[in-house]
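Engineer: This is the structure I have questions about; it appears just below.
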Amino acid sequence: MKLVIINYGAGNIKSLQFAFKRLGIDAVLSNDPVVIQAADKVIFPGVGEASSAMKMLRQSELNRIIPQLAQPVLGICLGMQLMCNTTEEGNTKGLGIFDVAVKRFTNKVKVPQMGWNTINGLKSELFDGIKDNEFMYLVHSFYAEICPNAISVTHYELDYASALQKDNFYGVQFHPEKSSLAGEQLLKNFINIKS
């Protein structure tokens, strides 16, 4: 199985690569559209600031490639947020895969949300073998609003979509590669999704 992690300069890609290595998969790092399009599965990571990350995607034309991918794609953290319509971070237009806006937490809570929090209302094969109220590891100041694409919900100041799905596109706000056994199970489930 050919798994490609999109390497566009805004990802915590080494820890993801190690997480897949533990599952017996050598993930390829690439920003080459040909390599990405030929993959069986694609991981779209993201750490950092939304507007500069989108700029890097535009420079390599990946902003056009990613929404057209036909195989299973998993966006992680900022990767998931960039798959949404817009984000308040830098007033950035996203890839428009998920029809939802990304907002910033208010200063009524500690921002960023950093650490373990629960996921609930799980609705997808992505969560096979993972129970409601499972803890996942999060680091983020922005969140996707609850919407029809939401497949898990987390509470921090308010309920928000901690995972999204539309067709072959999946997104998680949390970091599965840092989320112990439950995160490992989610990565296994993603690998096992039928193309």
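The way I read the labels, and the way they are meant: chains A, B, ... in the order of the structure tokens, residue 1 as the first residue of every chain, and ligand 1 as the first ligand shown, with later ones counted on from there.
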For Leu74 of chain A, find every residue with an atom within 6 Å (counting only C-alpha atoms), except residues of its own chain fewer than 3 positions away, and show them as a ChimeraX atom specification.
Structural biologist: /A:43-44,170-171
Engineer: Taking 6 positions as the minimum chain separation for residues in the same chain, which residues sit within 10 Å of segment 100-113 of chain A when counting only C-alpha atoms? Answer as JSON, numbers by chain.
Structural biologist: {"A": [80, 81, 82, 83, 84, 85, 86, 87, 88, 89, 91, 92, 93, 94, 137, 138, 139, 140, 141, 142, 143, 144, 145, 146, 147, 148, 149, 150, 156, 157, 158, 160, 161, 164]}
Engineer: What lies within 8 Å of segment 58-60 of chain A using only C-alpha atoms, ignoring chain neighbours under 3 positions off, as a ChimeraX atom specification?
Structural biologist: /A:8,31,54-55,63-64
Engineer: Write down as a VMD selection string the residues of segment 28-189 of chain A whose backbone DSSP state falls under helix (DSSP H, G or I).
Structural biologist: chain A and resid 33 to 37 50 to 59 62 to 68 78 to 82 89 to 91 125 to 127 176 to 178 180 to 189
Engineer: Near Asn117 of chain A, within 12 Å and counting only C-alpha atoms, which residues show up once chain neighbours fewer than 2 positions away are dropped, as a ChimeraX atom specification?
Structural biologist: /A:113-115,119-120,132-140,153-156,159,162,173-175,179
Engineer: So, with only C-alpha atoms as the atoms that count, which of A:Met1, A:Val73, A:Ala38, A:Leu122 lies closest to Phe190 of chain A?
Structural biologist: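 The closest residue to Phe190 of chain A is A:Val73.
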Engineer: Have a look at A:Glu125, A:Glu184, A:Phe169, A:Ile6 and name the one nearest to Val34 of chain A; count only C-alpha atoms.
Structural biologist: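 So, comparing all the options, the nearest one is A:Ile6.
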